[in-house]
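Take a look at the structure set out below.
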Amino acid sequence: MDTTKLIKGLHHVTATVNDAQEDYDFYTKVLGLRLVKKTVNFDNNQVYHFYYGTEMGTPGTIMTTFPYKGQDVRIGTLGTGQVAITGFSIPISALDFWKDRLQASNIEFGQVEIMGNPTLRFQDPAGLFLELVANDDDDRAPWTGTAIPPAMAIRGFYNVTLSIAEVGSTFEFLEQEFGFTKVTKEGMVTRYQVEGGGPGRLVDIRDDHELDRGKNGIGTVHHVAWRVESDEALHALRARLVDELGLKVTEIKDRKYFHSIYFRIPGGVLFEVATIPPGFSVDESLDELGNELKLPDWEEANRTQIESVLPKIN
Ligand code: ZN
C-alpha cells in the first residue's frame, strides 16, 4: 500500500479549554455548530469531551474540547510545536453577517487578508485563536439546526496553522509521508494541501524560529487529527511510521467514534490519524446526537459517580 496517499484531509481539532458551559455556549450559540457528542475524556472521566460539527459530525468539521476548569490544569502558553490557529470556512457573502454577529456577541475581532481570503480572527472564551476564512470553494452542507441562516453558516474547517521552529523537517514529513503538496508562501507562512486541496484539506506552516516552544494547557490546541478511510489504511500508516521511520507512535486506540494513533511530527506538533468510520451515530440516532451523556462501555459502571462530578450544562 502506498502510504503517502492515505491522508484525505482534516478529521478534528482538539483543544484544552476552561469552563464547560462557556465553551458549549460559544461553539453552539455563537458559532452555530452542532454538539454531536457529549462524552468524557476517555483518559480522564472527570472531564467532558465535547464534539462540535455539522449535522453528522462529518470528519473535517469537528472541533473537540476538554473543559478542564477546576482540574488544576495550567494555562497553556502559545508557541512552537502547536496548532496556533484553527480556521473555519464561511461563504464570502457571509462576511458582514459574521462581523455583526461577533460584535453583537462582544467578541473582539480583526479582519485580515490571508492568501487572498478575507479572514476574521478572534479568540474563543478559553483564548484559542480562531479564524473565519471567507471563500467560495466550499460545497459542504452546514448544520441547519441553529438560528444562523444556512447561507451564512460555517461549513467546517478551512485550515489549521502550525507554529514551527524548524520548518524544514516538517515540510519534508508532510511531503514525503503524507503526500501533501506545497500551494503557496506568503510572508513566513507556507501552505500545503492534501491531494485535491480546498477547505478542510489545507495546513499552513508558520516559520516561528524566534518563538519559544509552546506549553500545553488551557487555551491551547492539544492535537490535530487527520482522516483516513479505513482501519486497513490506519494500520498501514502506523507500520510505515514505526517500522520504517522509527517514530514513536501509540498503539491503535478505540475512540468509539473512530480508531486512531497519535505521534509527534518532527516539528513537535502532536498529530492524530483517525478513521472516518464508524462515526457519531454508532451510539445515538442522527436526530439525537449530543443529547445524552455517552460513555465508553468501560465507564458505564461509573455513570452515577461521573454524572455527579461533571458540571451541568444547558
Ligand atoms: Zn483527537
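Each chain in the C-alpha cells gets a letter, A, B, ..., in the order shown, and its residues are numbered from 1; ligands are numbered from 1 in order too.
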
Got a sec: who's within 12 Å of Gly116 of chain A, counting only C-alpha atoms, leaving out chain neighbours fewer than 2 positions off, as a PDB file with all heavy atoms, in the first residue's frame?
```pdb
ATOM      1  N   ILE A  92     -18.072  33.796   1.198  1.00  0.00           N
ATOM      2  CA  ILE A  92     -17.653  35.204   1.114  1.00  0.00           C
ATOM      3  C   ILE A  92     -18.836  36.129   1.413  1.00  0.00           C
ATOM      4  O   ILE A  92     -18.695  37.133   2.109  1.00  0.00           O
ATOM      5  CB  ILE A  92     -17.052  35.509  -0.280  1.00  0.00           C
ATOM      6  CG1 ILE A  92     -15.683  34.816  -0.392  1.00  0.00           C
ATOM      7  CG2 ILE A  92     -16.904  37.015  -0.503  1.00  0.00           C
ATOM      8  CD1 ILE A  92     -14.996  34.974  -1.730  1.00  0.00           C
ATOM      9  N   VAL A 112      -8.260  40.433   8.426  1.00  0.00           N
ATOM     10  CA  VAL A 112      -7.014  40.395   7.669  1.00  0.00           C
ATOM     11  C   VAL A 112      -7.294  39.690   6.347  1.00  0.00           C
ATOM     12  O   VAL A 112      -8.334  39.065   6.168  1.00  0.00           O
ATOM     13  CB  VAL A 112      -5.901  39.631   8.443  1.00  0.00           C
ATOM     14  CG1 VAL A 112      -5.401  40.444   9.613  1.00  0.00           C
ATOM     15  CG2 VAL A 112      -6.387  38.271   8.925  1.00  0.00           C
ATOM     16  N   GLU A 113      -6.353  39.833   5.415  1.00  0.00           N
ATOM     17  CA  GLU A 113      -6.470  39.096   4.154  1.00  0.00           C
ATOM     18  C   GLU A 113      -5.343  38.075   4.129  1.00  0.00           C
ATOM     19  O   GLU A 113      -4.178  38.442   4.261  1.00  0.00           O
ATOM     20  CB  GLU A 113      -6.354  40.070   2.979  1.00  0.00           C
ATOM     21  CG  GLU A 113      -6.380  39.373   1.656  1.00  0.00           C
ATOM     22  CD  GLU A 113      -7.463  39.935   0.716  1.00  0.00           C
ATOM     23  OE1 GLU A 113      -8.393  40.602   1.191  1.00  0.00           O
ATOM     24  OE2 GLU A 113      -7.333  39.662  -0.492  1.00  0.00           O
ATOM     25  N   ILE A 114      -5.687  36.791   4.038  1.00  0.00           N
ATOM     26  CA  ILE A 114      -4.667  35.746   4.058  1.00  0.00           C
ATOM     27  C   ILE A 114      -4.747  34.940   2.773  1.00  0.00           C
ATOM     28  O   ILE A 114      -5.757  34.304   2.487  1.00  0.00           O
ATOM     29  CB  ILE A 114      -4.836  34.828   5.288  1.00  0.00           C
ATOM     30  CG1 ILE A 114      -4.743  35.661   6.577  1.00  0.00           C
ATOM     31  CG2 ILE A 114      -3.779  33.723   5.281  1.00  0.00           C
ATOM     32  CD1 ILE A 114      -5.018  34.875   7.837  1.00  0.00           C
ATOM     33  N   PRO A 118     -10.445  37.061   2.606  1.00  0.00           N
ATOM     34  CA  PRO A 118     -10.807  37.903   3.754  1.00  0.00           C
ATOM     35  C   PRO A 118     -11.047  36.990   4.959  1.00  0.00           C
ATOM     36  O   PRO A 118     -11.745  35.980   4.838  1.00  0.00           O
ATOM     37  CB  PRO A 118     -12.121  38.571   3.328  1.00  0.00           C
ATOM     38  CG  PRO A 118     -12.240  38.328   1.862  1.00  0.00           C
ATOM     39  CD  PRO A 118     -11.452  37.105   1.537  1.00  0.00           C
ATOM     40  N   THR A 119     -10.434  37.342   6.073  1.00  0.00           N
ATOM     41  CA  THR A 119     -10.420  36.442   7.225  1.00  0.00           C
ATOM     42  C   THR A 119     -10.684  37.209   8.509  1.00  0.00           C
ATOM     43  O   THR A 119     -10.073  38.251   8.739  1.00  0.00           O
ATOM     44  CB  THR A 119      -9.037  35.747   7.298  1.00  0.00           C
ATOM     45  OG1 THR A 119      -8.826  35.001   6.094  1.00  0.00           O
ATOM     46  CG2 THR A 119      -8.927  34.821   8.494  1.00  0.00           C
ATOM     47  N   VAL A 133     -12.614  31.979   7.630  1.00  0.00           N
ATOM     48  CA  VAL A 133     -11.967  32.244   6.350  1.00  0.00           C
ATOM     49  C   VAL A 133     -13.042  32.281   5.270  1.00  0.00           C
ATOM     50  O   VAL A 133     -13.713  31.269   5.008  1.00  0.00           O
ATOM     51  CB  VAL A 133     -10.917  31.166   6.026  1.00  0.00           C
ATOM     52  CG1 VAL A 133     -10.188  31.508   4.733  1.00  0.00           C
ATOM     53  CG2 VAL A 133      -9.944  30.993   7.187  1.00  0.00           C
ATOM     54  N   ALA A 134     -13.212  33.447   4.652  1.00  0.00           N
ATOM     55  CA  ALA A 134     -14.250  33.601   3.633  1.00  0.00           C
ATOM     56  C   ALA A 134     -13.734  33.069   2.298  1.00  0.00           C
ATOM     57  O   ALA A 134     -12.647  33.442   1.837  1.00  0.00           O
ATOM     58  CB  ALA A 134     -14.640  35.075   3.504  1.00  0.00           C
ATOM     59  N   ASN A 135     -14.520  32.180   1.688  1.00  0.00           N
ATOM     60  CA  ASN A 135     -14.113  31.587   0.405  1.00  0.00           C
ATOM     61  C   ASN A 135     -15.352  31.061  -0.299  1.00  0.00           C
ATOM     62  O   ASN A 135     -16.380  30.832   0.340  1.00  0.00           O
ATOM     63  CB  ASN A 135     -13.118  30.445   0.654  1.00  0.00           C
ATOM     64  CG  ASN A 135     -13.784  29.242   1.291  1.00  0.00           C
ATOM     65  OD1 ASN A 135     -14.180  28.307   0.611  1.00  0.00           O
ATOM     66  ND2 ASN A 135     -13.965  29.274   2.607  1.00  0.00           N
ATOM     67  N   ASP A 136     -15.249  30.872  -1.597  1.00  0.00           N
ATOM     68  CA  ASP A 136     -16.370  30.314  -2.347  1.00  0.00           C
ATOM     69  C   ASP A 136     -16.028  28.956  -2.945  1.00  0.00           C
ATOM     70  O   ASP A 136     -16.509  28.585  -4.016  1.00  0.00           O
ATOM     71  CB  ASP A 136     -16.838  31.310  -3.426  1.00  0.00           C
ATOM     72  CG  ASP A 136     -17.739  32.401  -2.827  1.00  0.00           C
ATOM     73  OD1 ASP A 136     -18.374  32.147  -1.780  1.00  0.00           O
ATOM     74  OD2 ASP A 136     -17.784  33.515  -3.390  1.00  0.00           O
ATOM     75  N   THR A 184       1.487  27.559  -1.793  1.00  0.00           N
ATOM     76  CA  THR A 184       1.988  28.921  -1.920  1.00  0.00           C
ATOM     77  C   THR A 184       2.679  29.334  -0.627  1.00  0.00           C
ATOM     78  O   THR A 184       2.594  28.632   0.379  1.00  0.00           O
ATOM     79  CB  THR A 184       0.820  29.891  -2.246  1.00  0.00           C
ATOM     80  OG1 THR A 184       1.341  31.193  -2.494  1.00  0.00           O
ATOM     81  CG2 THR A 184      -0.169  29.987  -1.107  1.00  0.00           C
ATOM     82  N   LYS A 185       3.357  30.473  -0.688  1.00  0.00           N
ATOM     83  CA  LYS A 185       4.010  31.004   0.515  1.00  0.00           C
ATOM     84  C   LYS A 185       3.697  32.490   0.593  1.00  0.00           C
ATOM     85  O   LYS A 185       3.735  33.185  -0.425  1.00  0.00           O
ATOM     86  CB  LYS A 185       5.523  30.787   0.417  1.00  0.00           C
ATOM     87  CG  LYS A 185       6.291  31.260   1.642  1.00  0.00           C
ATOM     88  CD  LYS A 185       7.721  30.734   1.615  1.00  0.00           C
ATOM     89  CE  LYS A 185       8.437  31.043   2.929  1.00  0.00           C
ATOM     90  NZ  LYS A 185       9.206  32.262   2.933  1.00  0.00           N
ATOM     91  N   GLU A 186       3.334  32.937   1.793  1.00  0.00           N
ATOM     92  CA  GLU A 186       3.050  34.363   1.992  1.00  0.00           C
ATOM     93  C   GLU A 186       3.712  34.767   3.305  1.00  0.00           C
ATOM     94  O   GLU A 186       3.336  34.256   4.365  1.00  0.00           O
ATOM     95  CB  GLU A 186       1.531  34.581   2.057  1.00  0.00           C
ATOM     96  CG  GLU A 186       1.114  36.037   2.122  1.00  0.00           C
ATOM     97  CD  GLU A 186      -0.421  36.181   2.101  1.00  0.00           C
ATOM     98  OE1 GLU A 186      -1.004  36.271   1.006  1.00  0.00           O
ATOM     99  OE2 GLU A 186      -1.030  36.193   3.189  1.00  0.00           O
TER     100      GLU A 186
END
```

message: Please return as a PyMOL selection string the residues found within 12 Å of ligand 1, counting only C-alpha atoms and all ligand atoms.
response: chain A and resi 10-16+41-43+49-51+59+62-66+221-227+253-263+270-275

Strand (DSSP E or B) positions in segment 139-231 of chain A, given as a ChimeraX atom specification: /A:157-164,181-186,189-193,202-207,213,215,218,220-228

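Nearest residue to Leu234 of chain A among A:Ser281, A:Thr250, A:Asn159, A:Thr58 is A:Thr250, counting only C-alpha atoms.
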
task: Using DSSP on the backbone, list every residue of segment 22-265 of chain A that comes out as alpha helix (DSSP H), and give them as JSON, numbers by chain.
output: {"A": [22, 23, 24, 95, 96, 97, 98, 99, 100, 101, 102, 103, 104, 167, 168, 169, 170, 171, 172, 173, 174, 175, 176, 231, 232, 233, 234, 235, 236, 237, 238, 239]}

Selection to disk with C-alpha atoms, as a PDB file, in the first residue's frame:
```pdb
ATOM      1  CA  GLU A  22     -18.967  28.844  28.384  1.00  0.00           C
ATOM      2  CA  ASP A  23     -17.444  26.524  25.790  1.00  0.00           C
ATOM      3  CA  TYR A  24     -20.795  24.966  24.883  1.00  0.00           C
ATOM      4  CA  LEU A  95     -18.501  38.087   5.918  1.00  0.00           C
ATOM      5  CA  ASP A  96     -20.658  41.035   7.034  1.00  0.00           C
ATOM      6  CA  PHE A  97     -23.086  38.703   8.800  1.00  0.00           C
ATOM      7  CA  TRP A  98     -20.228  37.325  10.901  1.00  0.00           C
ATOM      8  CA  LYS A  99     -18.766  40.739  11.670  1.00  0.00           C
ATOM      9  CA  ASP A 100     -22.156  41.794  13.012  1.00  0.00           C
ATOM     10  CA  ARG A 101     -22.589  38.555  14.883  1.00  0.00           C
ATOM     11  CA  LEU A 102     -19.189  38.669  16.588  1.00  0.00           C
ATOM     12  CA  GLN A 103     -19.752  42.306  17.503  1.00  0.00           C
ATOM     13  CA  ALA A 104     -23.209  41.535  18.918  1.00  0.00           C
ATOM     14  CA  VAL A 167      10.203  24.263   9.239  1.00  0.00           C
ATOM     15  CA  GLY A 168      12.440  22.089   7.043  1.00  0.00           C
ATOM     16  CA  SER A 169      11.759  18.776   8.747  1.00  0.00           C
ATOM     17  CA  THR A 170       8.006  19.482   8.867  1.00  0.00           C
ATOM     18  CA  PHE A 171       7.909  20.260   5.129  1.00  0.00           C
ATOM     19  CA  GLU A 172       9.826  17.061   4.461  1.00  0.00           C
ATOM     20  CA  PHE A 173       7.498  14.977   6.635  1.00  0.00           C
ATOM     21  CA  LEU A 174       4.314  16.380   5.084  1.00  0.00           C
ATOM     22  CA  GLU A 175       5.618  15.950   1.541  1.00  0.00           C
ATOM     23  CA  GLN A 176       7.265  12.558   1.853  1.00  0.00           C
ATOM     24  CA  ASP A 231      -8.692   0.583   9.599  1.00  0.00           C
ATOM     25  CA  GLU A 232      -6.538  -1.006   6.929  1.00  0.00           C
ATOM     26  CA  ALA A 233      -5.167   2.413   5.987  1.00  0.00           C
ATOM     27  CA  LEU A 234      -4.544   3.246   9.654  1.00  0.00           C
ATOM     28  CA  HIS A 235      -2.611   0.001  10.171  1.00  0.00           C
ATOM     29  CA  ALA A 236      -0.543   0.553   7.042  1.00  0.00           C
ATOM     30  CA  LEU A 237       0.346   4.113   8.007  1.00  0.00           C
ATOM     31  CA  ARG A 238       1.248   3.079  11.552  1.00  0.00           C
ATOM     32  CA  ALA A 239       3.502   0.313  10.227  1.00  0.00           C
TER      33      ALA A 239
END
```

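Interatomic distance, atom CA of Ile306 of chain A to atom CA of Val36 of chain A: 19.8 Å.
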
At most 7 Å is the cut-off: for each residue in segment 101-219 of chain A with any atom that close to an atom of segment 77-85 of chain A, write down the nearest atom pair and the distance in Å rounded to one decimal, counting only C-alpha atoms, chain first then increasing number, as a tab-separated table.
```
residue	atom	partner	partner_atom	distance
A:Phe129	CA	A:Ile85	CA	5.0
A:Leu130	CA	A:Ile85	CA	5.5
A:Val160	CA	A:Ile85	CA	5.8
A:Thr161	CA	A:Ile85	CA	5.1
A:Leu162	CA	A:Val83	CA	4.4
A:Ser163	CA	A:Thr80	CA	4.7
A:Ile164	CA	A:Thr80	CA	4.9
A:Ala165	CA	A:Thr80	CA	5.7
A:Asp208	CA	A:Thr80	CA	6.7
A:Leu211	CA	A:Gly79	CA	6.1
A:Asp212	CA	A:Gly79	CA	5.6
A:Arg213	CA	A:Thr80	CA	4.4
A:Gly214	CA	A:Gly79	CA	3.5
A:Lys215	CA	A:Thr77	CA	4.8
A:Asn216	CA	A:Thr77	CA	6.6
```

message: Which residues are near Lys5 of chain A? Cut-off 7 Å, only C-alpha atoms, ignore same chain within fewer than 2 positions. Put them as a PyMOL selection string.
response: chain A and resi 2-3+7+178-179

Only C-alpha atoms, please: the residues just picked out, written as a PDB file, in the first residue's frame.
```pdb
ATOM      1  CA  ASP A   2       1.308   3.461  -0.922  1.00  0.00           C
ATOM      2  CA  THR A   3       1.090   5.125   2.485  1.00  0.00           C
ATOM      3  CA  ILE A   7      -4.483  11.088   4.380  1.00  0.00           C
ATOM      4  CA  PHE A 178       1.565  12.408   3.966  1.00  0.00           C
ATOM      5  CA  GLY A 179       1.910  13.198   0.252  1.00  0.00           C
TER       6      GLY A 179
END
```

Which residues are close to Met56 of chain A, i.e. within 12 Å by only C-alpha atoms, leaving aside same-chain residues fewer than 6 positions away? Reply as a tab-separated table (two decimals) with all heavy atoms, in the first residue's frame.
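Saved as selection.tsv:
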```tsv
chain	number	residue	atom	x	y	z
A	33	LEU	N	-22.38	25.72	15.67
A	33	LEU	CA	-22.08	24.31	15.37
A	33	LEU	C	-23.03	23.43	16.17
A	33	LEU	O	-23.63	23.86	17.15
A	33	LEU	CB	-20.63	24.00	15.73
A	33	LEU	CG	-19.57	24.80	14.97
A	33	LEU	CD1	-18.17	24.46	15.46
A	33	LEU	CD2	-19.66	24.54	13.46
A	34	ARG	N	-23.15	22.18	15.75
A	34	ARG	CA	-23.98	21.23	16.49
A	34	ARG	C	-23.12	20.48	17.50
A	34	ARG	O	-22.01	20.04	17.14
A	34	ARG	CB	-24.59	20.22	15.51
A	34	ARG	CG	-25.53	19.25	16.21
A	34	ARG	CD	-26.11	18.22	15.24
A	34	ARG	NE	-27.23	17.54	15.91
A	34	ARG	CZ	-27.87	16.48	15.43
A	34	ARG	NH1	-27.52	15.97	14.26
A	34	ARG	NH2	-28.86	15.93	16.10
A	35	LEU	N	-23.62	20.34	18.72
A	35	LEU	CA	-22.96	19.41	19.65
A	35	LEU	C	-23.32	18.02	19.16
A	35	LEU	O	-24.47	17.60	19.29
A	35	LEU	CB	-23.43	19.63	21.09
A	35	LEU	CG	-22.81	18.69	22.12
A	35	LEU	CD1	-21.32	18.97	22.32
A	35	LEU	CD2	-23.53	18.77	23.46
A	36	VAL	N	-22.35	17.31	18.57
A	36	VAL	CA	-22.68	15.99	18.01
A	36	VAL	C	-22.38	14.86	18.97
A	36	VAL	O	-22.85	13.73	18.78
A	36	VAL	CB	-21.98	15.73	16.65
A	36	VAL	CG1	-22.53	16.66	15.58
A	36	VAL	CG2	-20.48	15.83	16.75
A	37	LYS	N	-21.58	15.16	20.01
A	37	LYS	CA	-21.36	14.12	21.02
A	37	LYS	C	-20.95	14.77	22.33
A	37	LYS	O	-20.12	15.67	22.38
A	37	LYS	CB	-20.23	13.17	20.57
A	37	LYS	CG	-20.14	11.89	21.37
A	37	LYS	CD	-21.40	11.03	21.26
A	37	LYS	CE	-21.65	10.55	19.85
A	37	LYS	NZ	-22.92	9.78	19.75
A	62	ILE	N	-15.07	18.82	12.67
A	62	ILE	CA	-15.23	18.56	14.11
A	62	ILE	C	-14.21	19.26	15.00
A	62	ILE	O	-13.02	18.95	14.98
A	62	ILE	CB	-15.13	17.04	14.40
A	62	ILE	CG1	-15.95	16.22	13.41
A	62	ILE	CG2	-15.56	16.74	15.83
A	62	ILE	CD1	-15.50	14.78	13.32
A	140	ARG	N	-19.60	21.91	1.11
A	140	ARG	CA	-20.10	21.08	2.21
A	140	ARG	C	-21.35	21.73	2.82
A	140	ARG	O	-21.45	22.96	2.92
A	140	ARG	CB	-19.01	20.93	3.28
A	140	ARG	CG	-17.82	20.12	2.80
A	140	ARG	CD	-16.70	20.09	3.82
A	140	ARG	NE	-16.13	21.42	4.05
A	140	ARG	CZ	-15.19	21.68	4.96
A	140	ARG	NH1	-14.73	20.71	5.73
A	140	ARG	NH2	-14.71	22.90	5.10
A	141	ALA	N	-22.28	20.89	3.25
A	141	ALA	CA	-23.53	21.39	3.81
A	141	ALA	C	-23.33	21.82	5.26
A	141	ALA	O	-22.70	21.10	6.03
A	141	ALA	CB	-24.60	20.31	3.74
A	142	PRO	N	-23.87	22.98	5.64
A	142	PRO	CA	-23.74	23.41	7.03
A	142	PRO	C	-24.80	22.74	7.91
A	142	PRO	O	-25.76	22.16	7.41
A	142	PRO	CB	-24.00	24.91	6.94
A	142	PRO	CG	-24.99	25.03	5.82
A	142	PRO	CD	-24.62	23.96	4.84
A	143	TRP	N	-24.64	22.87	9.21
A	143	TRP	CA	-25.67	22.46	10.17
A	143	TRP	C	-26.77	23.51	10.12
A	143	TRP	O	-26.49	24.71	10.20
A	143	TRP	CB	-25.04	22.36	11.56
A	143	TRP	CG	-25.99	22.26	12.72
A	143	TRP	CD1	-25.98	23.05	13.83
A	143	TRP	CD2	-27.04	21.30	12.93
A	143	TRP	NE1	-26.96	22.65	14.71
A	143	TRP	CE2	-27.63	21.58	14.18
A	143	TRP	CE3	-27.54	20.24	12.17
A	143	TRP	CZ2	-28.69	20.83	14.69
A	143	TRP	CZ3	-28.61	19.50	12.68
A	143	TRP	CH2	-29.16	19.80	13.92
A	144	THR	N	-28.00	23.05	9.97
A	144	THR	CA	-29.10	23.99	9.79
A	144	THR	C	-29.99	24.09	11.03
A	144	THR	O	-30.99	24.79	11.02
A	144	THR	CB	-29.99	23.58	8.59
A	144	THR	OG1	-30.45	22.25	8.82
A	144	THR	CG2	-29.21	23.64	7.30
A	145	GLY	N	-29.61	23.39	12.10
A	145	GLY	CA	-30.46	23.38	13.29
A	145	GLY	C	-30.22	24.55	14.23
A	145	GLY	O	-30.46	24.42	15.43
A	156	GLY	N	-17.39	23.97	8.07
A	156	GLY	CA	-16.40	23.01	8.58
A	156	GLY	C	-15.07	23.72	8.68
A	156	GLY	O	-15.02	24.96	8.61
A	257	TYR	N	-15.89	6.41	18.22
A	257	TYR	CA	-16.43	7.06	17.02
A	257	TYR	C	-15.43	7.02	15.86
A	257	TYR	O	-15.74	7.39	14.74
A	257	TYR	CB	-16.85	8.50	17.35
A	257	TYR	CG	-17.65	8.51	18.63
A	257	TYR	CD1	-17.13	9.01	19.82
A	257	TYR	CD2	-18.92	7.92	18.65
A	257	TYR	CE1	-17.85	8.93	21.01
A	257	TYR	CE2	-19.64	7.83	19.83
A	257	TYR	CZ	-19.10	8.34	21.00
A	257	TYR	OH	-19.81	8.24	22.16
A	276	ILE	N	-12.37	7.52	9.32
A	276	ILE	CA	-13.69	8.15	9.09
A	276	ILE	C	-14.79	7.31	9.72
A	276	ILE	O	-15.63	7.84	10.44
A	276	ILE	CB	-13.91	8.39	7.58
A	276	ILE	CG1	-12.87	9.39	7.05
A	276	ILE	CG2	-15.34	8.86	7.31
A	276	ILE	CD1	-12.86	9.56	5.55
A	277	PRO	N	-14.84	5.98	9.50
A	277	PRO	CA	-15.84	5.17	10.20
A	277	PRO	C	-15.43	4.86	11.63
A	277	PRO	O	-14.23	4.92	11.92
A	277	PRO	CB	-15.90	3.89	9.37
A	277	PRO	CG	-14.61	3.80	8.62
A	277	PRO	CD	-14.07	5.18	8.51
A	278	PRO	N	-16.34	4.51	12.57
A	278	PRO	CA	-17.78	4.34	12.30
A	278	PRO	C	-18.59	5.63	12.41
A	278	PRO	O	-19.71	5.67	11.95
A	278	PRO	CB	-18.20	3.36	13.39
A	278	PRO	CG	-17.29	3.64	14.54
A	278	PRO	CD	-15.97	4.04	13.91
A	279	GLY	N	-18.10	6.68	13.03
A	279	GLY	CA	-18.84	7.95	13.12
A	279	GLY	C	-19.70	8.06	14.36
A	279	GLY	O	-19.78	7.13	15.18
A	280	PHE	N	-20.37	9.19	14.50
A	280	PHE	CA	-21.04	9.54	15.76
A	280	PHE	C	-22.40	8.90	15.96
A	280	PHE	O	-22.96	8.94	17.05
A	280	PHE	CB	-21.13	11.07	15.90
A	280	PHE	CG	-19.77	11.68	16.03
A	280	PHE	CD1	-19.15	12.29	14.96
A	280	PHE	CD2	-19.09	11.60	17.24
A	280	PHE	CE1	-17.87	12.82	15.09
A	280	PHE	CE2	-17.81	12.12	17.38
A	280	PHE	CZ	-17.20	12.73	16.29
A	281	SER	N	-22.97	8.31	14.90
A	281	SER	CA	-24.28	7.68	15.07
A	281	SER	C	-24.15	6.23	15.52
A	281	SER	O	-25.12	5.48	15.50
A	281	SER	CB	-25.12	7.81	13.81
A	281	SER	OG	-24.39	7.35	12.71
A	282	VAL	N	-22.96	5.84	15.98
A	282	VAL	CA	-22.75	4.47	16.43
A	282	VAL	C	-23.49	4.20	17.75
A	282	VAL	O	-23.87	3.07	18.04
A	282	VAL	CB	-21.23	4.17	16.53
A	282	VAL	CG1	-20.58	4.83	17.72
A	282	VAL	CG2	-20.97	2.69	16.53
A	284	GLU	N	-26.02	6.75	19.06
A	284	GLU	CA	-27.22	7.61	19.13
A	284	GLU	C	-27.73	7.78	17.71
A	284	GLU	O	-26.91	7.80	16.78
A	284	GLU	CB	-26.87	9.04	19.60
A	284	GLU	CG	-26.44	9.21	21.00
A	284	GLU	CD	-26.04	10.66	21.32
A	284	GLU	OE1	-24.99	11.11	20.84
A	284	GLU	OE2	-26.79	11.31	22.06
A	285	SER	N	-29.02	8.01	17.56
A	285	SER	CA	-29.53	8.26	16.21
A	285	SER	C	-29.10	9.66	15.77
A	285	SER	O	-28.77	10.50	16.60
A	285	SER	CB	-31.05	8.15	16.19
A	285	SER	OG	-31.61	9.25	16.88
A	286	LEU	N	-29.15	9.89	14.48
A	286	LEU	CA	-28.74	11.19	13.93
A	286	LEU	C	-29.51	12.34	14.58
A	286	LEU	O	-28.94	13.37	14.93
A	286	LEU	CB	-28.95	11.18	12.41
A	286	LEU	CG	-28.51	12.43	11.64
A	286	LEU	CD1	-27.03	12.72	11.84
A	286	LEU	CD2	-28.82	12.25	10.15
A	287	ASP	N	-30.81	12.14	14.78
A	287	ASP	CA	-31.65	13.18	15.40
A	287	ASP	C	-31.22	13.51	16.82
A	287	ASP	O	-31.39	14.64	17.27
A	287	ASP	CB	-33.11	12.73	15.47
A	287	ASP	CG	-33.78	12.78	14.12
A	287	ASP	OD1	-33.16	13.34	13.19
A	287	ASP	OD2	-34.90	12.26	13.98
A	288	GLU	N	-30.74	12.50	17.52
A	288	GLU	CA	-30.48	12.65	18.95
A	288	GLU	C	-29.02	12.97	19.28
A	288	GLU	O	-28.67	13.06	20.47
A	288	GLU	CB	-30.88	11.37	19.68
A	288	GLU	CG	-32.37	11.12	19.66
A	288	GLU	CD	-32.75	9.73	20.11
A	288	GLU	OE1	-31.97	8.78	19.87
A	288	GLU	OE2	-33.83	9.58	20.69
A	289	LEU	N	-28.18	13.13	18.29
A	289	LEU	CA	-26.76	13.34	18.55
A	289	LEU	C	-26.55	14.46	19.57
A	289	LEU	O	-27.13	15.52	19.45
A	289	LEU	CB	-26.00	13.69	17.27
A	289	LEU	CG	-25.81	12.59	16.22
A	289	LEU	CD1	-24.96	13.12	15.07
A	289	LEU	CD2	-25.20	11.35	16.82
A	290	GLY	N	-25.74	14.18	20.57
A	290	GLY	CA	-25.36	15.21	21.54
A	290	GLY	C	-26.32	15.41	22.68
A	290	GLY	O	-26.03	16.18	23.61
```

Which residues of segment 158-263 of chain A come within 12 Å of segment 68-71 of chain A, and for each one, what is the closest pair of atoms and their distance in Å to one decimal, counting only C-alpha atoms, sorted by chain and residue number, as a Markdown table?
```
| residue | atom | partner | partner_atom | distance |
| --- | --- | --- | --- | --- |
| A:Gly217 | CA | A:Tyr68 | CA | 9.0 |
| A:Ile218 | CA | A:Tyr68 | CA | 7.2 |
| A:Gly219 | CA | A:Tyr68 | CA | 10.1 |
| A:Thr220 | CA | A:Tyr68 | CA | 11.7 |
```

May I have the residues from that selection written out with C-alpha atoms, as a PDB file, in the first residue's frame?
```
ATOM      1  CA  GLY A 217      -2.655  23.743  28.858  1.00  0.00           C
ATOM      2  CA  ILE A 218      -5.926  25.666  28.927  1.00  0.00           C
ATOM      3  CA  GLY A 219      -6.356  27.821  25.847  1.00  0.00           C
ATOM      4  CA  THR A 220      -4.187  25.731  23.535  1.00  0.00           C
TER       5      THR A 220
END
```

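A straight line drawn from atom CA of Asn45 of chain A to atom CA of Arg264 of chain A is 24.6 Å long.
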
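The smallest atom-to-atom distance between Leu241 of chain A and any of A:Ile90, A:Thr4, A:Gly187, A:Asn18, using only C-alpha atoms, is found for A:Thr4.
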
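Distances to Asn106 of chain A were evaluated for A:Ile313, A:Leu132, A:Ile252, A:Val30 using only C-alpha atoms, and the minimum falls at A:Val30.
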
query: When you draw a straight line from atom CA of Ser93 of chain A to atom CA of Ala153 of chain A, how long is it in Å?
result: 10.6 Å

Near-Phe26 of chain A list (10 Å; only C-alpha atoms; drop same-chain fewer than 5 positions) as a VMD selection string: chain A and resid 20 to 21 31 to 33 105 124 to 125
